[in-house]
>>> print(open('entry_4.cif').read())   # mmCIF, C-alpha atoms
data_protein
#
loop_
_atom_site.label_atom_id
_atom_site.label_comp_id
_atom_site.auth_asym_id
_atom_site.auth_seq_id
_atom_site.Cartn_x
_atom_site.Cartn_y
_atom_site.Cartn_z
CA ALA A 1495 -102.62 21.01 -87.05
CA LEU A 1496 -103.37 20.34 -83.38
CA ASN A 1497 -100.42 20.83 -81.03
CA GLY A 1498 -98.06 20.73 -84.02
CA VAL A 1499 -99.53 17.46 -85.37
CA GLN A 1500 -100.43 17.26 -89.06
CA LEU A 1501 -101.90 14.36 -91.03
CA VAL A 1502 -99.89 13.52 -94.14
CA GLY A 1503 -100.31 10.55 -96.47
CA VAL A 1504 -97.36 8.78 -98.07
CA ASN A 1505 -97.49 6.65 -101.20
CA PHE A 1506 -94.69 4.10 -100.69
CA ASP A 1507 -95.02 2.82 -104.25
CA ASP A 1508 -92.65 4.18 -106.90
CA ASP A 1509 -95.38 6.31 -108.47
CA PRO A 1510 -94.50 9.80 -109.67
CA ARG A 1511 -96.07 12.81 -107.92
CA ASP A 1512 -98.89 13.31 -110.45
CA VAL A 1513 -99.97 9.66 -110.15
CA THR A 1514 -99.86 9.86 -106.34
CA LEU A 1515 -102.13 12.93 -106.41
CA LYS A 1516 -104.58 11.20 -108.79
CA ILE A 1517 -104.71 8.14 -106.52
CA ALA A 1518 -105.32 10.32 -103.46
CA LYS A 1519 -108.12 12.20 -105.24
CA SER A 1520 -109.77 8.98 -106.41
CA LEU A 1521 -109.74 7.67 -102.82
CA GLY A 1522 -111.19 10.89 -101.40
CA ILE A 1523 -107.99 11.68 -99.49
CA ASN A 1524 -108.16 15.40 -98.71
CA PHE A 1525 -104.92 15.90 -96.80
CA PRO A 1526 -101.35 16.36 -98.05
CA THR A 1527 -99.99 13.26 -99.77
CA LEU A 1528 -96.30 12.70 -100.45
CA THR A 1529 -94.32 10.25 -102.56
CA ARG A 1530 -91.66 7.93 -101.12
CA GLU A 1531 -89.03 10.05 -102.84
CA GLN A 1532 -90.27 13.15 -101.01
CA ILE A 1533 -89.76 11.57 -97.57
CA ILE A 1534 -86.44 9.77 -98.09
CA ASP A 1535 -84.66 12.32 -95.91
CA SER A 1536 -87.22 11.90 -93.10
CA GLU A 1537 -85.95 8.37 -92.33
CA LEU A 1538 -89.57 7.21 -92.11
CA PRO A 1539 -89.45 3.43 -92.62
CA ALA A 1540 -91.43 1.83 -95.42
CA PRO A 1541 -94.31 -0.04 -93.78
CA SER A 1542 -94.55 -3.83 -94.00
CA VAL A 1543 -98.36 -3.69 -93.88
CA MET A 1544 -100.73 -1.36 -95.69
CA PRO A 1545 -102.24 0.83 -94.53
CA THR A 1546 -99.89 1.93 -91.77
CA THR A 1547 -100.30 5.19 -89.89
CA TYR A 1548 -97.21 6.78 -88.41
CA ILE A 1549 -97.72 9.44 -85.77
CA VAL A 1550 -94.83 11.86 -86.04
CA SER A 1551 -94.29 14.24 -83.13
CA PRO A 1552 -93.59 17.96 -83.48
CA ALA A 1553 -89.94 16.98 -82.83
CA ASN A 1554 -90.14 14.99 -86.10
CA GLU A 1555 -89.84 11.61 -84.35
CA VAL A 1556 -92.13 8.61 -84.84
CA ALA A 1557 -94.22 8.68 -81.66
CA GLY A 1558 -96.59 5.87 -82.60
CA THR A 1559 -97.59 3.42 -85.31
CA LEU A 1560 -101.09 2.19 -86.12
CA ILE A 1561 -101.53 -0.85 -88.35
CA GLY A 1562 -104.58 -1.31 -90.56
CA LEU A 1563 -107.47 0.96 -91.41
CA GLN A 1564 -108.07 3.54 -88.67
CA SER A 1565 -111.12 5.62 -87.87
CA ARG A 1566 -110.87 9.26 -86.89
CA GLU A 1567 -111.80 8.27 -83.34
CA GLN A 1568 -108.98 5.69 -83.16
CA ILE A 1569 -106.43 8.22 -84.36
CA VAL A 1570 -107.66 10.90 -81.93
CA GLN A 1571 -107.57 8.35 -79.10
CA ARG A 1572 -103.95 7.44 -79.88
CA LEU A 1573 -102.97 11.11 -80.21
CA SER A 1574 -104.57 11.75 -76.80
CA GLN A 1575 -102.65 8.83 -75.28
CA LEU A 1576 -99.45 10.35 -76.62
CA CYS A 1577 -100.45 13.78 -75.27
CA LEU A 1578 -100.42 15.18 -78.80
CA CYS A 1579 -104.09 16.13 -78.95
CA SER A 1580 -106.44 17.79 -76.50
CA GLU A 1581 -109.54 16.62 -78.38
CA LYS A 1582 -111.42 13.75 -76.75
CA PRO A 1583 -112.19 10.67 -78.90
#
>>> encode(input="entry_4.cif", output="structure tokens")
Amino acid sequence: ALNGVQLVGVNFDDDPRDVTLKIAKSLGINFPTLTREQIIDSELPAPSVMPTTYIVSPANEVAGTLIGLQSREQIVQRLSQLCLCSEKP
């Protein structure tokens, strides 16, 4: 995690944990992936478009939202704009 930022995937379908992990593995997702049930208490809204990337600050607040497929460079650029990453895009 850079500056308290961690990348976490969320499956907003009603799939159980084992199915979510199989989906993540089949897609080559190699970061923590949670189910909707696991984040209910976080008050993270279900996205209206997939994929949606929420940037959650170290204070556990949504600091930014990215709609659509994002490259690493696009995510790093947005993190830099939010002063959450010292890495340059």
>>> resolve_selection(input="entry_4.cif", expression="the PyMOL selection byres ((chain A and resi 1550-1567) around 12)", output="JSON, numbers by chain")
{"A": [1495, 1496, 1497, 1498, 1499, 1500, 1501, 1502, 1503, 1533, 1535, 1536, 1537, 1538, 1539, 1540, 1541, 1542, 1543, 1544, 1545, 1546, 1547, 1548, 1549, 1568, 1569, 1570, 1571, 1572, 1573, 1574, 1575, 1576, 1577, 1578, 1579, 1581, 1582, 1583]}
>>> atom_distance(input="entry_4.cif", atom1="atom CA of A:Asp1509", atom2="atom CA of A:Leu1521")
15.5 Å
>>> residues_around(input="entry_4.cif", residues="A:Asp1507", least_positions_apart="4", cutoff="9 Å", atoms="all atoms listed in the file", output="count of residues only")
3
>>> build_atoms(input="entry_4.cif", residues="stretch 1537-1548 of chain A", atoms="all heavy atoms", output="PDB file, keeping the file's coordinate frame")
ATOM      1  N   GLU A1537     -86.288   9.642 -92.958  1.00  0.00           N
ATOM      2  CA  GLU A1537     -85.950   8.370 -92.330  1.00  0.00           C
ATOM      3  C   GLU A1537     -87.186   7.607 -91.851  1.00  0.00           C
ATOM      4  O   GLU A1537     -87.102   6.742 -90.993  1.00  0.00           O
ATOM      5  CB  GLU A1537     -84.957   8.567 -91.174  1.00  0.00           C
ATOM      6  CG  GLU A1537     -83.645   9.162 -91.628  1.00  0.00           C
ATOM      7  CD  GLU A1537     -82.660   9.371 -90.492  1.00  0.00           C
ATOM      8  OE1 GLU A1537     -82.827   8.784 -89.413  1.00  0.00           O
ATOM      9  OE2 GLU A1537     -81.699  10.123 -90.709  1.00  0.00           O
ATOM     10  N   LEU A1538     -88.345   7.935 -92.415  1.00  0.00           N
ATOM     11  CA  LEU A1538     -89.570   7.210 -92.110  1.00  0.00           C
ATOM     12  C   LEU A1538     -89.477   5.842 -92.783  1.00  0.00           C
ATOM     13  O   LEU A1538     -89.256   5.758 -93.990  1.00  0.00           O
ATOM     14  CB  LEU A1538     -90.777   7.980 -92.628  1.00  0.00           C
ATOM     15  CG  LEU A1538     -92.141   7.531 -92.185  1.00  0.00           C
ATOM     16  CD1 LEU A1538     -92.314   7.723 -90.680  1.00  0.00           C
ATOM     17  CD2 LEU A1538     -93.216   8.308 -92.928  1.00  0.00           C
ATOM     18  N   PRO A1539     -89.600   4.750 -92.023  1.00  0.00           N
ATOM     19  CA  PRO A1539     -89.450   3.430 -92.620  1.00  0.00           C
ATOM     20  C   PRO A1539     -90.623   3.062 -93.516  1.00  0.00           C
ATOM     21  O   PRO A1539     -91.763   3.453 -93.240  1.00  0.00           O
ATOM     22  CB  PRO A1539     -89.383   2.497 -91.409  1.00  0.00           C
ATOM     23  CG  PRO A1539     -90.141   3.220 -90.346  1.00  0.00           C
ATOM     24  CD  PRO A1539     -89.901   4.691 -90.595  1.00  0.00           C
ATOM     25  N   ALA A1540     -90.344   2.340 -94.581  1.00  0.00           N
ATOM     26  CA  ALA A1540     -91.430   1.830 -95.420  1.00  0.00           C
ATOM     27  C   ALA A1540     -92.208   0.801 -94.598  1.00  0.00           C
ATOM     28  O   ALA A1540     -91.607  -0.052 -93.947  1.00  0.00           O
ATOM     29  CB  ALA A1540     -90.868   1.195 -96.679  1.00  0.00           C
ATOM     30  N   PRO A1541     -93.523   0.889 -94.592  1.00  0.00           N
ATOM     31  CA  PRO A1541     -94.310  -0.040 -93.780  1.00  0.00           C
ATOM     32  C   PRO A1541     -94.302  -1.445 -94.381  1.00  0.00           C
ATOM     33  O   PRO A1541     -94.179  -1.617 -95.590  1.00  0.00           O
ATOM     34  CB  PRO A1541     -95.715   0.556 -93.821  1.00  0.00           C
ATOM     35  CG  PRO A1541     -95.753   1.315 -95.100  1.00  0.00           C
ATOM     36  CD  PRO A1541     -94.367   1.838 -95.312  1.00  0.00           C
ATOM     37  N   SER A1542     -94.462  -2.450 -93.522  1.00  0.00           N
ATOM     38  CA  SER A1542     -94.550  -3.830 -94.000  1.00  0.00           C
ATOM     39  C   SER A1542     -95.994  -4.221 -94.250  1.00  0.00           C
ATOM     40  O   SER A1542     -96.253  -5.224 -94.901  1.00  0.00           O
ATOM     41  CB  SER A1542     -93.900  -4.780 -92.990  1.00  0.00           C
ATOM     42  OG  SER A1542     -94.532  -4.651 -91.736  1.00  0.00           O
ATOM     43  N   VAL A1543     -96.928  -3.441 -93.730  1.00  0.00           N
ATOM     44  CA  VAL A1543     -98.360  -3.690 -93.880  1.00  0.00           C
ATOM     45  C   VAL A1543     -99.018  -2.399 -94.346  1.00  0.00           C
ATOM     46  O   VAL A1543     -98.649  -1.315 -93.896  1.00  0.00           O
ATOM     47  CB  VAL A1543     -98.979  -4.130 -92.530  1.00  0.00           C
ATOM     48  CG1 VAL A1543    -100.472  -4.308 -92.637  1.00  0.00           C
ATOM     49  CG2 VAL A1543     -98.317  -5.391 -92.012  1.00  0.00           C
ATOM     50  N   MET A1544     -99.997  -2.528 -95.227  1.00  0.00           N
ATOM     51  CA  MET A1544    -100.730  -1.360 -95.690  1.00  0.00           C
ATOM     52  C   MET A1544    -102.179  -1.483 -95.253  1.00  0.00           C
ATOM     53  O   MET A1544    -102.733  -2.573 -95.350  1.00  0.00           O
ATOM     54  CB  MET A1544    -100.671  -1.242 -97.197  1.00  0.00           C
ATOM     55  CG  MET A1544     -99.274  -0.994 -97.697  1.00  0.00           C
ATOM     56  SD  MET A1544     -98.673   0.574 -97.189  1.00  0.00           S
ATOM     57  CE  MET A1544     -98.174   1.262 -98.714  1.00  0.00           C
ATOM     58  N   PRO A1545    -102.833  -0.461 -94.819  1.00  0.00           N
ATOM     59  CA  PRO A1545    -102.240   0.830 -94.530  1.00  0.00           C
ATOM     60  C   PRO A1545    -101.565   0.853 -93.162  1.00  0.00           C
ATOM     61  O   PRO A1545    -101.941   0.103 -92.262  1.00  0.00           O
ATOM     62  CB  PRO A1545    -103.437   1.778 -94.545  1.00  0.00           C
ATOM     63  CG  PRO A1545    -104.583   0.937 -94.110  1.00  0.00           C
ATOM     64  CD  PRO A1545    -104.298  -0.442 -94.632  1.00  0.00           C
ATOM     65  N   THR A1546    -100.563   1.681 -93.043  1.00  0.00           N
ATOM     66  CA  THR A1546     -99.890   1.930 -91.770  1.00  0.00           C
ATOM     67  C   THR A1546     -99.953   3.425 -91.504  1.00  0.00           C
ATOM     68  O   THR A1546     -99.732   4.223 -92.412  1.00  0.00           O
ATOM     69  CB  THR A1546     -98.416   1.477 -91.819  1.00  0.00           C
ATOM     70  OG1 THR A1546     -98.387   0.064 -91.969  1.00  0.00           O
ATOM     71  CG2 THR A1546     -97.658   1.855 -90.559  1.00  0.00           C
ATOM     72  N   THR A1547    -100.263   3.795 -90.288  1.00  0.00           N
ATOM     73  CA  THR A1547    -100.300   5.190 -89.890  1.00  0.00           C
ATOM     74  C   THR A1547     -99.169   5.455 -88.915  1.00  0.00           C
ATOM     75  O   THR A1547     -99.071   4.797 -87.883  1.00  0.00           O
ATOM     76  CB  THR A1547    -101.646   5.540 -89.190  1.00  0.00           C
ATOM     77  OG1 THR A1547    -102.714   5.242 -90.087  1.00  0.00           O
ATOM     78  CG2 THR A1547    -101.696   7.002 -88.781  1.00  0.00           C
ATOM     79  N   TYR A1548     -98.278   6.360 -89.299  1.00  0.00           N
ATOM     80  CA  TYR A1548     -97.210   6.780 -88.410  1.00  0.00           C
ATOM     81  C   TYR A1548     -97.633   8.091 -87.758  1.00  0.00           C
ATOM     82  O   TYR A1548     -98.092   9.005 -88.437  1.00  0.00           O
ATOM     83  CB  TYR A1548     -95.901   7.024 -89.162  1.00  0.00           C
ATOM     84  CG  TYR A1548     -95.283   5.788 -89.751  1.00  0.00           C
ATOM     85  CD1 TYR A1548     -95.244   5.588 -91.114  1.00  0.00           C
ATOM     86  CD2 TYR A1548     -94.730   4.817 -88.927  1.00  0.00           C
ATOM     87  CE1 TYR A1548     -94.670   4.458 -91.659  1.00  0.00           C
ATOM     88  CE2 TYR A1548     -94.151   3.673 -89.457  1.00  0.00           C
ATOM     89  CZ  TYR A1548     -94.129   3.502 -90.824  1.00  0.00           C
ATOM     90  OH  TYR A1548     -93.555   2.376 -91.359  1.00  0.00           O
TER      91      TYR A1548
END
